[in-house]
file final_35.cif (mmCIF, C-alpha atoms)
data_model
#
loop_
_atom_site.label_atom_id
_atom_site.label_comp_id
_atom_site.auth_asym_id
_atom_site.auth_seq_id
_atom_site.Cartn_x
_atom_site.Cartn_y
_atom_site.Cartn_z
CA MET A 87 -10.90 -15.49 -20.23
CA ALA A 88 -14.45 -15.12 -21.45
CA GLU A 89 -15.48 -11.61 -22.36
CA LYS A 90 -18.84 -11.63 -20.63
CA PRO A 91 -18.93 -11.71 -16.87
CA LEU A 92 -19.29 -15.22 -15.54
CA THR A 93 -21.36 -16.28 -12.62
CA ASP A 94 -19.36 -16.77 -9.42
CA GLN A 95 -19.70 -20.52 -9.89
CA GLU A 96 -18.40 -20.42 -13.45
CA PHE A 97 -15.50 -18.22 -12.35
CA LEU A 98 -14.67 -20.65 -9.54
CA ALA A 99 -14.68 -23.56 -11.99
CA TYR A 100 -12.45 -21.54 -14.33
CA VAL A 101 -9.77 -20.82 -11.71
CA GLN A 102 -10.00 -24.32 -10.22
CA GLY A 103 -9.33 -25.70 -13.69
CA GLY A 104 -6.04 -23.76 -13.77
CA GLY A 105 -7.43 -20.67 -15.52
CA GLN A 106 -5.63 -17.41 -14.84
CA VAL A 107 -7.04 -13.96 -14.25
CA GLU A 108 -5.56 -10.64 -15.39
CA VAL A 109 -5.96 -7.22 -13.80
CA ASP A 110 -8.64 -5.98 -16.21
CA ASP A 111 -10.72 -9.17 -16.16
CA TRP A 112 -14.03 -9.29 -14.39
CA MET A 113 -13.79 -11.10 -11.06
CA PRO A 114 -16.19 -11.79 -8.17
CA ASP A 115 -15.99 -9.26 -5.31
CA ASP A 116 -15.21 -12.04 -2.87
CA TYR A 117 -12.23 -13.16 -4.96
CA ARG A 118 -10.91 -9.61 -5.22
CA ALA A 119 -11.28 -9.09 -1.48
CA LYS A 120 -9.48 -12.35 -0.69
CA LEU A 121 -6.68 -11.49 -3.12
CA ILE A 122 -6.18 -8.05 -1.58
CA LYS A 123 -6.12 -9.43 1.96
CA PHE A 124 -3.73 -12.26 1.13
CA ILE A 125 -1.34 -10.27 -1.06
CA GLU A 126 -1.32 -7.25 1.24
CA MET A 127 -0.34 -9.51 4.15
CA HIS A 128 2.51 -10.82 2.01
CA GLY A 129 3.65 -7.26 1.22
CA ASN A 130 3.46 -6.26 4.88
CA SER A 131 5.56 -9.30 5.77
CA GLU A 132 8.28 -8.37 3.29
CA LEU A 133 8.39 -4.84 4.65
CA MET A 134 8.30 -5.79 8.34
CA GLY A 135 10.62 -8.74 7.72
CA VAL A 136 13.59 -6.47 7.17
CA LEU A 137 13.37 -4.94 10.64
CA PRO A 138 14.69 -7.93 12.61
CA GLU A 139 17.61 -8.18 10.16
CA ARG A 140 18.24 -4.47 9.92
CA GLU A 141 19.09 -4.47 13.62
CA TRP A 142 22.23 -6.43 12.70
CA ILE A 143 23.55 -4.41 9.77
CA LEU A 144 25.67 -2.21 12.04
CA ARG A 145 26.78 -5.23 14.06
CA ALA A 146 27.65 -7.58 11.19
CA PRO A 147 30.95 -9.38 11.88
CA THR A 148 32.68 -8.51 8.57
CA LEU A 149 32.33 -5.96 5.80
CA GLN A 150 31.30 -8.71 3.37
CA ARG A 151 28.50 -9.83 5.71
CA LYS A 152 27.38 -6.24 6.17
CA LEU A 153 27.12 -5.77 2.41
CA ALA A 154 25.31 -9.09 1.96
CA LEU A 155 22.83 -8.31 4.71
CA THR A 156 22.22 -4.82 3.32
CA ALA A 157 21.58 -6.35 -0.11
CA LYS A 158 19.11 -8.82 1.40
CA VAL A 159 17.27 -5.98 3.12
CA GLN A 160 17.12 -4.11 -0.19
CA ASP A 161 15.74 -7.25 -1.88
CA GLU A 162 12.99 -7.66 0.71
CA VAL A 163 11.93 -4.01 0.52
CA GLY A 164 11.93 -4.39 -3.27
CA HIS A 165 9.59 -7.38 -2.89
CA ALA A 166 7.29 -5.26 -0.76
CA GLN A 167 7.21 -2.62 -3.53
CA LEU A 168 6.36 -5.20 -6.20
CA ILE A 169 3.68 -6.79 -4.06
CA TYR A 170 2.04 -3.52 -3.02
CA ARG A 171 1.94 -2.64 -6.76
CA VAL A 172 -0.19 -5.74 -7.34
CA VAL A 173 -2.46 -4.75 -4.45
CA GLU A 174 -2.77 -1.21 -5.84
CA ASP A 175 -3.88 -2.51 -9.22
CA LEU A 176 -6.54 -4.56 -7.42
CA GLY A 177 -7.90 -1.35 -5.92
CA LYS A 178 -6.23 -0.68 -2.58
CA PRO A 179 -3.67 2.18 -2.67
CA ARG A 180 -0.24 1.59 -1.18
CA GLU A 181 -0.66 4.57 1.14
CA GLN A 182 -3.74 2.88 2.59
CA CYS A 183 -1.85 -0.39 3.07
CA LEU A 184 0.91 1.44 4.93
CA GLU A 185 -1.61 3.40 7.04
CA ASP A 186 -3.34 0.17 8.05
CA LEU A 187 0.01 -1.43 8.80
CA VAL A 188 1.36 1.28 11.10
CA ALA A 189 -2.03 1.63 12.79
CA GLY A 190 -1.87 -2.06 13.71
CA ARG A 191 -4.93 -2.92 11.62
CA ALA A 192 -3.12 -5.25 9.22
CA LYS A 193 -1.30 -8.55 9.69
CA PHE A 194 2.18 -9.75 8.86
CA HIS A 195 3.92 -13.10 9.29
CA ASN A 196 4.41 -14.43 12.82
CA VAL A 197 8.20 -14.78 12.51
CA PHE A 198 8.72 -11.04 12.18
CA HIS A 199 7.24 -10.33 15.61
CA TYR A 200 10.16 -11.96 17.44
CA PRO A 201 13.52 -10.54 18.61
CA THR A 202 16.88 -11.25 16.99
CA LYS A 203 19.20 -11.71 19.94
CA THR A 204 22.52 -12.68 18.31
CA TRP A 205 24.26 -13.01 14.95
CA GLY A 206 23.18 -16.67 15.15
CA ASP A 207 19.58 -15.51 14.73
CA VAL A 208 20.55 -13.68 11.54
CA GLY A 209 21.92 -16.92 10.05
CA VAL A 210 18.98 -19.02 11.16
CA ILE A 211 16.47 -16.46 9.84
CA ALA A 212 18.12 -16.09 6.44
CA TRP A 213 18.50 -19.86 6.09
CA LEU A 214 15.37 -21.34 7.62
CA VAL A 215 12.79 -18.55 7.66
CA ASP A 216 13.60 -17.82 4.04
CA ALA A 217 13.46 -21.56 3.28
CA ALA A 218 9.99 -21.77 4.80
CA ALA A 219 8.98 -18.65 2.88
CA ILE A 220 10.26 -19.90 -0.46
CA ILE A 221 8.15 -23.06 -0.06
CA SER A 222 5.03 -20.89 0.32
CA GLN A 223 6.11 -18.59 -2.48
CA LYS A 224 6.88 -21.37 -4.95
CA ALA A 225 3.30 -22.56 -4.46
CA LEU A 226 2.20 -19.09 -5.59
CA LEU A 227 3.89 -19.43 -8.98
CA LYS A 228 0.68 -21.16 -10.11
CA CYS A 229 -1.63 -18.62 -8.47
CA SER A 230 -4.88 -18.01 -10.36
CA TYR A 231 -4.14 -14.28 -10.29
CA ALA A 232 -1.51 -13.97 -13.00
CA PRO A 233 0.13 -10.60 -12.11
CA TYR A 234 0.93 -11.97 -8.64
CA ALA A 235 2.21 -15.27 -10.04
CA ARG A 236 4.50 -13.42 -12.44
CA ILE A 237 6.28 -11.28 -9.84
CA MET A 238 6.72 -14.39 -7.71
CA LYS A 239 9.27 -15.65 -10.25
CA LYS A 240 11.60 -12.76 -9.49
CA ILE A 241 10.93 -13.00 -5.76
CA CYS A 242 11.71 -16.73 -5.60
CA TRP A 243 14.89 -16.15 -7.58
CA GLU A 244 16.10 -13.58 -5.04
CA GLU A 245 15.04 -15.67 -2.05
CA SER A 246 17.33 -18.42 -3.28
CA PHE A 247 20.33 -16.10 -2.69
CA HIS A 248 19.08 -15.42 0.81
CA ILE A 249 18.98 -19.09 1.70
CA LEU A 250 22.55 -19.48 0.48
CA HIS A 251 23.62 -16.41 2.44
CA GLY A 252 21.98 -17.80 5.60
CA ARG A 253 23.38 -21.26 5.16
CA ASP A 254 26.83 -19.78 4.61
CA VAL A 255 26.54 -17.75 7.83
CA VAL A 256 25.46 -20.85 9.74
CA LEU A 257 28.18 -23.07 8.23
CA THR A 258 30.87 -20.51 9.02
CA MET A 259 29.76 -20.37 12.64
CA MET A 260 29.53 -24.17 12.88
CA LEU A 261 33.16 -24.36 11.71
CA GLY A 262 34.23 -21.78 14.31
CA ALA A 263 34.61 -21.92 18.07
CA ASP A 264 32.32 -23.76 20.51
CA GLU A 265 30.82 -20.41 21.50
CA GLN A 266 29.81 -19.80 17.88
CA ARG A 267 28.22 -23.24 17.60
CA GLU A 268 26.31 -22.50 20.79
CA LEU A 269 25.00 -19.25 19.32
CA VAL A 270 23.58 -21.17 16.35
CA GLN A 271 22.02 -23.85 18.55
CA GLU A 272 20.46 -21.22 20.82
CA ALA A 273 19.09 -19.36 17.82
CA LEU A 274 17.62 -22.58 16.42
CA ASP A 275 16.04 -23.28 19.82
CA ARG A 276 14.44 -19.84 19.75
CA TRP A 277 13.25 -20.02 16.15
CA TRP A 278 11.99 -23.59 15.93
CA ALA A 279 8.54 -22.96 17.43
CA PRO A 280 7.83 -19.88 15.26
CA LEU A 281 9.11 -21.82 12.22
CA MET A 282 6.70 -24.67 12.90
CA MET A 283 3.84 -22.16 13.09
CA PHE A 284 4.93 -20.31 9.96
CA HIS A 285 2.80 -22.25 7.46
CA GLY A 286 -0.31 -21.89 9.59
CA ASN A 287 -2.67 -24.28 11.31
CA PRO A 288 -3.29 -27.61 9.57
CA ILE A 289 -6.66 -26.60 8.12
CA PRO A 290 -7.51 -29.16 5.39
CA ALA A 291 -6.75 -27.67 1.98
CA GLU A 292 -10.33 -28.33 0.81
CA ASN A 293 -11.67 -26.07 3.60
CA ASP A 294 -9.21 -23.26 2.96
CA PRO A 295 -10.93 -20.50 0.93
CA VAL A 296 -7.56 -19.25 -0.34
CA VAL A 297 -6.87 -22.69 -1.80
CA GLU A 298 -10.42 -22.97 -3.11
CA TRP A 299 -9.92 -19.87 -5.30
CA ARG A 300 -6.52 -21.24 -6.26
CA ILE A 301 -4.79 -18.18 -4.82
CA LYS A 302 -2.39 -20.65 -3.28
CA THR A 303 -2.06 -24.14 -4.56
CA GLN A 304 -0.96 -26.11 -1.53
CA GLY A 305 -2.36 -26.65 1.94
CA ASN A 306 -0.63 -25.50 5.12
CA GLU A 307 0.34 -28.95 6.35
CA GLU A 308 1.67 -29.91 2.93
CA ALA A 309 3.99 -26.89 3.04
CA ARG A 310 5.17 -27.70 6.57
CA GLN A 311 5.89 -31.32 5.62
CA GLN A 312 7.90 -30.11 2.65
CA PHE A 313 9.89 -27.84 4.94
CA LEU A 314 10.63 -30.65 7.40
CA GLU A 315 11.54 -33.08 4.64
CA GLY A 316 13.89 -30.61 3.01
CA TYR A 317 15.58 -28.98 5.97
CA VAL A 318 15.60 -31.20 9.07
CA PRO A 319 18.24 -33.50 7.51
CA GLN A 320 20.32 -30.41 6.63
CA ILE A 321 20.06 -29.21 10.26
CA TRP A 322 20.94 -32.61 11.70
CA GLU A 323 23.96 -33.15 9.47
CA LEU A 324 25.65 -30.10 11.02
CA GLY A 325 25.36 -31.60 14.47
CA LEU A 326 22.57 -29.25 15.51
CA MET A 327 19.65 -30.50 17.61
CA VAL A 328 16.07 -29.72 16.70
CA PRO A 329 14.34 -28.83 19.97
CA ASP A 330 11.39 -31.20 19.59
CA PRO A 331 11.61 -34.63 21.23
CA LYS A 332 8.67 -35.90 19.19
CA LEU A 333 10.15 -35.00 15.83
CA ARG A 334 10.65 -38.08 13.64
CA ARG A 335 10.17 -39.23 10.09
CA ARG A 336 7.77 -42.15 9.82
CA ASP A 337 8.44 -45.01 7.41
CA ASP A 338 5.76 -43.62 5.08
CA GLY A 339 7.73 -40.34 4.85
CA VAL A 340 5.39 -38.24 7.01
CA TRP A 341 7.02 -36.15 9.71
CA GLU A 342 5.58 -36.27 13.22
CA TYR A 343 6.14 -33.31 15.51
CA THR A 344 4.87 -31.69 18.68
CA GLU A 345 1.69 -29.76 17.98
CA PRO A 346 2.62 -26.06 17.77
CA ASP A 347 0.87 -23.67 20.13
CA TRP A 348 -1.78 -22.27 17.80
CA ASP A 349 -3.00 -19.86 20.47
CA GLU A 350 0.46 -18.29 20.49
CA LEU A 351 0.31 -17.94 16.70
CA ARG A 352 -3.07 -16.19 16.88
CA HIS A 353 -1.90 -13.98 19.71
CA VAL A 354 1.31 -13.00 17.91
CA VAL A 355 -0.17 -12.22 14.49
CA THR A 356 -2.94 -10.13 15.99
CA GLY A 357 -0.32 -7.69 17.20
CA HIS A 358 0.84 -9.12 20.52
CA GLY A 359 4.26 -10.53 19.66
CA PRO A 360 7.30 -9.70 21.77
CA ARG A 361 8.55 -7.09 19.26
CA THR A 362 5.31 -6.09 17.48
CA GLU A 363 4.90 -2.69 19.11
CA GLU A 364 8.56 -1.73 18.88
CA ARG A 365 8.77 -2.57 15.16
CA LEU A 366 5.50 -0.91 14.22
CA GLY A 367 6.72 2.08 16.21
CA LEU A 368 9.88 2.23 14.10
CA ARG A 369 7.80 2.03 10.89
CA ARG A 370 5.59 4.84 12.15
CA LEU A 371 8.62 6.95 13.07
CA THR A 372 10.39 6.55 9.72
CA ARG A 373 7.14 7.13 7.89
CA ASP A 374 6.64 10.40 9.73
CA GLU A 375 10.26 11.43 9.30
CA THR A 376 10.22 10.86 5.54
CA ALA A 377 6.77 12.38 4.93
CA TRP A 378 8.36 15.67 3.75
CA VAL A 379 10.31 13.83 1.04
CA ARG A 380 7.14 12.30 -0.37
CA GLN A 381 5.42 15.68 -0.23
CA VAL A 382 8.21 17.47 -2.09
CA VAL A 383 8.56 14.80 -4.74
CA LEU A 384 4.84 14.47 -5.33
CA ALA A 385 4.37 18.25 -5.41
CA ASP A 386 7.07 18.47 -8.10
CA SER A 387 5.39 15.80 -10.17
CA HIS A 388 1.97 17.49 -9.87
CA ARG A 389 3.54 20.73 -11.07
CA ALA A 390 5.11 18.87 -13.98
CA TYR A 391 1.74 17.46 -15.03
CA ALA A 392 0.03 20.82 -14.68
CA ALA A 393 2.66 22.53 -16.84
CA MET B 128 1.84 7.45 -11.97
CA ILE B 129 2.31 3.86 -13.10
CA TYR B 130 5.05 2.82 -15.52
CA GLU B 131 5.18 -0.62 -17.09
CA VAL B 132 8.66 -2.13 -17.30
CA PHE B 133 9.90 -4.42 -20.04
CA ARG B 134 13.25 -6.15 -19.84
CA ARG B 135 15.62 -7.76 -22.29
CA GLU B 136 17.54 -10.57 -20.69
CA ARG B 137 20.21 -10.98 -23.34
CA ARG B 138 21.10 -9.34 -26.62
CA GLY B 139 19.08 -10.83 -29.45
CA GLN B 140 16.12 -11.65 -27.24
CA PRO B 141 12.78 -9.85 -27.28
CA PHE B 142 11.74 -7.46 -24.54
CA GLU B 143 9.33 -9.10 -22.14
CA HIS B 144 6.98 -7.51 -19.68
CA ALA B 145 8.61 -7.60 -16.24
CA GLY B 146 6.21 -5.70 -14.00
CA SER B 147 5.36 -2.16 -13.07
CA VAL B 148 6.64 0.61 -10.83
CA ALA B 149 4.81 3.55 -9.29
CA ALA B 150 6.82 6.74 -9.61
CA PRO B 151 6.20 10.50 -9.49
CA ASP B 152 8.10 11.12 -12.74
CA VAL B 153 10.22 9.51 -15.43
CA ALA B 154 13.51 9.99 -13.59
CA PHE B 155 12.20 8.14 -10.56
CA ALA B 156 10.63 5.50 -12.79
CA HIS B 157 14.01 4.86 -14.40
CA ALA B 158 15.71 4.57 -11.03
CA TYR B 159 13.08 2.21 -9.62
CA ALA B 160 13.02 0.04 -12.74
CA HIS B 161 16.82 -0.14 -12.71
CA GLU B 162 16.87 -1.25 -9.08
CA GLN B 163 13.97 -3.69 -9.42
CA TYR B 164 14.87 -5.34 -12.71
CA GLY B 165 18.53 -4.70 -13.40
CA ARG B 166 20.70 -4.60 -10.34
CA ARG B 167 21.91 -8.20 -10.55
CA GLY B 168 22.81 -8.12 -14.22
CA GLU B 169 19.59 -9.94 -15.10
CA SER B 170 18.77 -7.47 -17.88
CA VAL B 171 20.80 -5.82 -20.65
CA ALA B 172 18.12 -3.20 -21.39
CA LEU B 173 14.82 -1.96 -20.03
CA TRP B 174 11.86 -0.16 -21.55
CA VAL B 175 10.01 2.06 -19.10
CA VAL B 176 6.63 3.07 -20.50
CA PRO B 177 3.83 5.12 -18.94
CA ARG B 178 0.88 2.76 -18.53
CA ASP B 179 -1.39 5.29 -20.26
CA ALA B 180 0.74 5.02 -23.40
CA ILE B 181 -0.10 1.36 -23.84
CA HIS B 182 -3.11 0.56 -25.93
CA GLY B 183 -4.46 -2.93 -25.42
CA VAL B 184 -6.11 -4.86 -28.23
CA GLU B 185 -8.12 -7.86 -27.18
CA ASP B 186 -10.81 -8.09 -29.82
CA PHE B 187 -10.09 -11.09 -31.99
CA VAL B 188 -13.59 -12.24 -32.95
CA ASP B 189 -13.56 -14.01 -36.34
CA GLU B 190 -16.92 -12.71 -37.53
CA LEU B 191 -16.29 -13.27 -41.23
CA GLY B 192 -14.84 -16.75 -40.82
CA LYS B 193 -11.54 -15.69 -42.31
CA ASN B 194 -9.90 -19.07 -42.00
CA TYR B 195 -8.23 -18.64 -45.40
CA HIS B 196 -5.34 -16.85 -43.73
CA ARG B 197 -4.74 -19.60 -41.23
CA VAL B 198 -3.36 -23.11 -41.48
CA ASP B 199 -6.68 -24.63 -40.44
CA GLY B 200 -8.32 -23.07 -43.52
CA TYR B 201 -6.65 -25.61 -45.79
CA SER B 202 -7.66 -29.24 -45.39
CA LEU B 203 -5.74 -30.98 -48.16
CA LYS B 204 -5.96 -34.58 -47.06
CA ALA B 205 -9.16 -35.65 -48.86
CA LYS B 206 -8.31 -33.71 -52.02
CA LEU B 207 -4.81 -35.08 -52.11
CA LYS B 208 -6.13 -38.62 -51.85
CA GLU B 209 -8.53 -38.03 -54.72
CA ALA B 210 -5.86 -36.38 -56.85
CA ARG B 211 -3.45 -39.27 -56.33
CA GLU B 212 -6.12 -41.76 -57.28
CA ARG B 213 -6.85 -39.78 -60.41
CA ALA B 214 -3.18 -39.70 -61.34
CA GLY B 215 -2.73 -43.35 -60.49
CA THR B 216 0.03 -42.57 -57.95
CA ALA B 217 -1.87 -43.61 -54.78
CA ALA B 218 -0.15 -46.22 -52.62
CA PRO B 219 -1.80 -49.61 -53.24
CA ASP B 220 -4.27 -50.79 -50.56
CA ARG B 221 -3.04 -53.62 -48.44
#
call {"tool": "encode", "arguments": {"input": "final_35.cif", "output": "structure tokens"}}
result
Amino acid sequence: MAEKPLTDQEFLAYVQGGGQVEVDDWMPDDYRAKLIKFIEMHGNSELMGVLPEREWILRAPTLQRKLALTAKVQDEVGHAQLIYRVVEDLGKPREQCLEDLVAGRAKFHNVFHYPTKTWGDVGVIAWLVDAAAIISQKALLKCSYAPYARIMKKICWEESFHILHGRDVVLTMMLGADEQRELVQEALDRWWAPLMMFHGNPIPAENDPVVEWRIKTQGNEEARQQFLEGYVPQIWELGLMVPDPKLRRRDDGVWEYTEPDWDELRHVVTGHGPRTEERLGLRRLTRDETAWVRQVVLADSHRAYAA
Amino acid sequence: MIYEVFRRERRGQPFEHAGSVAAPDVAFAHAYAHEQYGRRGESVALWVVPRDAIHGVEDFVDELGKNYHRVDGYSLKAKLKEARERAGTAAPDR
């Protein structure tokens, strides 16, 4: 990176040409603001994403599943820590991120606003929600902001376990009784619409400011097509039905599907999902309940520095 | 306080920067680094270093043109050709 500050245009050309930016480099205010917003939303999603799964830790069908689900929850909270670290270095403290989150001022991914009704949902989430997420996250490995791209390597590595865990849960149920197969089908029916919204509206990549700055390197529709291409055949081969009569793969390889309800997506991510309030309430509660621990620990460390 | 974490993946390999953790003291920093970068056996050792202890050096301007300590400071091709001609060992022109 050049030592003298660039003009915004020169900086844009630099990142569009594949150039990477480090924490101490000069960067345009607009780029910094977009990074913080995008990465913070990712961190919030990791943190909120454990709540739907956490509800099933105590109800997991076997000890092995309970341990695996607990480990997945630990992974996701760990991702939130890594991601908030990146945001902190960009200038927004983690405490502020968490304040904004529990106050309902910040966004997180649409899929984490929905209920998890049965163990089938746990399998479908770990398999397909994590599959959709890893497609987005792999596209961040080439992010123009290098500290974010670097932690994405570890995150993608761990997500790959989650997909296996989810697929294993689903396969086990599909090999079980009819009632178990029904639970999976019902869960897929519930999750399909949110999954199709997950990658966002099909805004052309060239009009997407986050793509323009090369914060992400693929457009929304490209990611969704990749998801459909990779996972619909895996769903079909188990004898599951995808609840979309229009879904088909054209001869040119493009998947056609029923237009998702983008108003629902907007409504849900602005804090009006079926479980938004309940889950933010739980975050608020645990944050309040653990405040004394943070106070004690931080007081000790301040004393240590003063000594 | 911010601690930078370096990890060694296998014995014999160099430590590489892994990321950073925020922690109130060294004991917490160790615990966080261990959980973040070592719990799946992906590291055989970690270095946990206070960020303040790291001194960056990024000034590599070659003001004096010191190319004599680099490979590109030695262009032998033309001289070698001349020397071979002088010694009569140059490959004959075709």
call {"tool": "resolve_selection", "arguments": {"input": "final_35.cif", "expression": "the PyMOL selection byres ((chain A) within 9 of (chain B))", "output": "tab-separated table (two decimals) with C-alpha atoms, keeping the file's coordinate frame"}}
result
chain	number	residue	atom	x	y	z
A	161	ASP	CA	15.74	-7.25	-1.88
A	164	GLY	CA	11.93	-4.39	-3.27
A	165	HIS	CA	9.59	-7.38	-2.89
A	167	GLN	CA	7.21	-2.62	-3.53
A	168	LEU	CA	6.36	-5.20	-6.20
A	171	ARG	CA	1.94	-2.64	-6.76
A	172	VAL	CA	-0.19	-5.74	-7.34
A	233	PRO	CA	0.13	-10.60	-12.11
A	236	ARG	CA	4.50	-13.42	-12.44
A	237	ILE	CA	6.28	-11.28	-9.84
A	240	LYS	CA	11.60	-12.76	-9.49
A	383	VAL	CA	8.56	14.80	-4.74
A	384	LEU	CA	4.84	14.47	-5.33
A	385	ALA	CA	4.37	18.25	-5.41
A	386	ASP	CA	7.07	18.47	-8.10
A	387	SER	CA	5.39	15.80	-10.17
A	388	HIS	CA	1.97	17.49	-9.87
A	390	ALA	CA	5.11	18.87	-13.98
call {"tool": "resolve_selection", "arguments": {"input": "final_35.cif", "expression": "the PyMOL selection byres ((chain A and resi 120) around 12)", "output": "JSON, numbers by chain"}}
result
{"A": [113, 114, 115, 116, 117, 118, 119, 121, 122, 123, 124, 125, 126, 127, 173, 176, 231, 294, 295, 296, 297, 298, 299, 300, 301, 302]}
call {"tool": "resolve_selection", "arguments": {"input": "final_35.cif", "expression": "the PyMOL selection byres ((chain A and resi 328) around 12)", "output": "PyMOL selection string"}}
result
chain A and resi 270-279+281-282+314+317-327+329-334+343-344
call {"tool": "write_last_selection", "arguments": {"input": "final_35.cif", "atoms": "C-alpha atoms", "output": "compact mmCIF listing (two decimals), in the frame of the given file"}}
result
# COMPACT_ATOMS: atom_id res chain seq x y z
CA VAL A 270 23.58 -21.17 16.35
CA GLN A 271 22.02 -23.85 18.55
CA GLU A 272 20.46 -21.22 20.82
CA ALA A 273 19.09 -19.36 17.82
CA LEU A 274 17.62 -22.58 16.42
CA ASP A 275 16.04 -23.28 19.82
CA ARG A 276 14.44 -19.84 19.75
CA TRP A 277 13.25 -20.02 16.15
CA TRP A 278 11.99 -23.59 15.93
CA ALA A 279 8.54 -22.96 17.43
CA LEU A 281 9.11 -21.82 12.22
CA MET A 282 6.70 -24.67 12.90
CA LEU A 314 10.63 -30.65 7.40
CA TYR A 317 15.58 -28.98 5.97
CA VAL A 318 15.60 -31.20 9.07
CA PRO A 319 18.24 -33.50 7.51
CA GLN A 320 20.32 -30.41 6.63
CA ILE A 321 20.06 -29.21 10.26
CA TRP A 322 20.94 -32.61 11.70
CA GLU A 323 23.96 -33.15 9.47
CA LEU A 324 25.65 -30.10 11.02
CA GLY A 325 25.36 -31.60 14.47
CA LEU A 326 22.57 -29.25 15.51
CA MET A 327 19.65 -30.50 17.61
CA PRO A 329 14.34 -28.83 19.97
CA ASP A 330 11.39 -31.20 19.59
CA PRO A 331 11.61 -34.63 21.23
CA LYS A 332 8.67 -35.90 19.19
CA LEU A 333 10.15 -35.00 15.83
CA ARG A 334 10.65 -38.08 13.64
CA TYR A 343 6.14 -33.31 15.51
CA THR A 344 4.87 -31.69 18.68
call {"tool": "atom_distance", "arguments": {"input": "final_35.cif", "atom1": "CA of Ile211 (chain A)", "atom2": "CA of Glu139 (chain A)"}}
result
8.4 Å
call {"tool": "atom_distance", "arguments": {"input": "final_35.cif", "atom1": "CA of His285 (chain A)", "atom2": "CA of Val354 (chain A)"}}
result
14.0 Å
call {"tool": "residues_around", "arguments": {"input": "final_35.cif", "residues": "region 170-172 of chain B", "least_positions_apart": "3", "cutoff": "12 Å", "atoms": "all atoms listed in the file", "output": "ChimeraX atom specification"}}
result
/B:132-145,157,160-167,175
call {"tool": "atom_distance", "arguments": {"input": "final_35.cif", "atom1": "CA of Gly359 (chain A)", "atom2": "CA of Lys193 (chain A)"}}
result
11.6 Å
call {"tool": "residues_around", "arguments": {"input": "final_35.cif", "residues": "Ala217 (chain A)", "least_positions_apart": "4", "cutoff": "9 Å", "atoms": "only C-alpha atoms", "output": "compact mmCIF listing (two decimals) with C-alpha atoms, in the frame of the given file"}}
result
# COMPACT_ATOMS: atom_id res chain seq x y z
CA ILE A 211 16.47 -16.46 9.84
CA ALA A 212 18.12 -16.09 6.44
CA TRP A 213 18.50 -19.86 6.09
CA ILE A 221 8.15 -23.06 -0.06
CA SER A 222 5.03 -20.89 0.32
CA GLU A 245 15.04 -15.67 -2.05
CA SER A 246 17.33 -18.42 -3.28
CA HIS A 248 19.08 -15.42 0.81
CA ILE A 249 18.98 -19.09 1.70
CA PHE A 313 9.89 -27.84 4.94
CA TYR A 317 15.58 -28.98 5.97
call {"tool": "closest_residue", "arguments": {"input": "final_35.cif", "among": "A:Val256, A:Cys242, A:Ala157, A:Ala192", "to": "Val210 (chain A)", "atoms": "all atoms listed in the file"}}
result
A:Val256
call {"tool": "residues_around", "arguments": {"input": "final_35.cif", "residues": "Gly286 (chain A)", "least_positions_apart": "2", "cutoff": "12 Å", "atoms": "all atoms listed in the file", "output": "count of residues only"}}
result
34
call {"tool": "closest_residue", "arguments": {"input": "final_35.cif", "among": "A:Trp112, A:Asn130, A:Leu149, A:Phe198", "to": "Gln182 (chain A)", "atoms": "all atoms listed in the file"}}
result
A:Asn130
call {"tool": "axis_aligned_box", "arguments": {"input": "final_35.cif", "around": "region 187-204 of chain B", "padding_each_side": "5 Å", "output": "AutoDock Vina command-line options"}}
result
--center_x -10.1 --center_y -22.8 --center_z -40.1 --size_x 23.6 --size_y 33.5 --size_z 26.2
call {"tool": "closest_residue", "arguments": {"input": "final_35.cif", "among": "A:Glu185, A:Asp111, A:Asp338, A:Asp216", "to": "Leu366 (chain A)", "atoms": "only C-alpha atoms"}}
result
A:Glu185
call {"tool": "build_atoms", "arguments": {"input": "final_35.cif", "residues": "region 202-209 of chain B", "atoms": "N, CA and C atoms", "output": "short mmCIF file (atom, residue, chain, number, x, y, z; two decimals), in the frame of the given file"}}
result
data_model
loop_
_atom_site.label_atom_id
_atom_site.label_comp_id
_atom_site.auth_asym_id
_atom_site.auth_seq_id
_atom_site.Cartn_x
_atom_site.Cartn_y
_atom_site.Cartn_z
N SER B 202 -7.63 -27.82 -45.70
CA SER B 202 -7.66 -29.24 -45.39
C SER B 202 -7.40 -30.01 -46.68
N LEU B 203 -6.15 -30.42 -46.86
CA LEU B 203 -5.74 -30.98 -48.16
C LEU B 203 -5.89 -32.49 -48.26
N LYS B 204 -6.10 -33.12 -47.11
CA LYS B 204 -5.96 -34.58 -47.06
C LYS B 204 -6.88 -35.29 -48.07
N ALA B 205 -8.19 -34.95 -48.01
CA ALA B 205 -9.16 -35.65 -48.86
C ALA B 205 -8.88 -35.36 -50.34
N LYS B 206 -8.57 -34.09 -50.62
CA LYS B 206 -8.31 -33.71 -52.02
C LYS B 206 -7.05 -34.39 -52.55
N LEU B 207 -6.06 -34.46 -51.70
CA LEU B 207 -4.81 -35.08 -52.11
C LEU B 207 -5.01 -36.55 -52.46
N LYS B 208 -5.85 -37.19 -51.62
CA LYS B 208 -6.13 -38.62 -51.85
C LYS B 208 -6.79 -38.80 -53.21
N GLU B 209 -7.78 -37.93 -53.47
CA GLU B 209 -8.53 -38.03 -54.72
C GLU B 209 -7.62 -37.76 -55.92
#
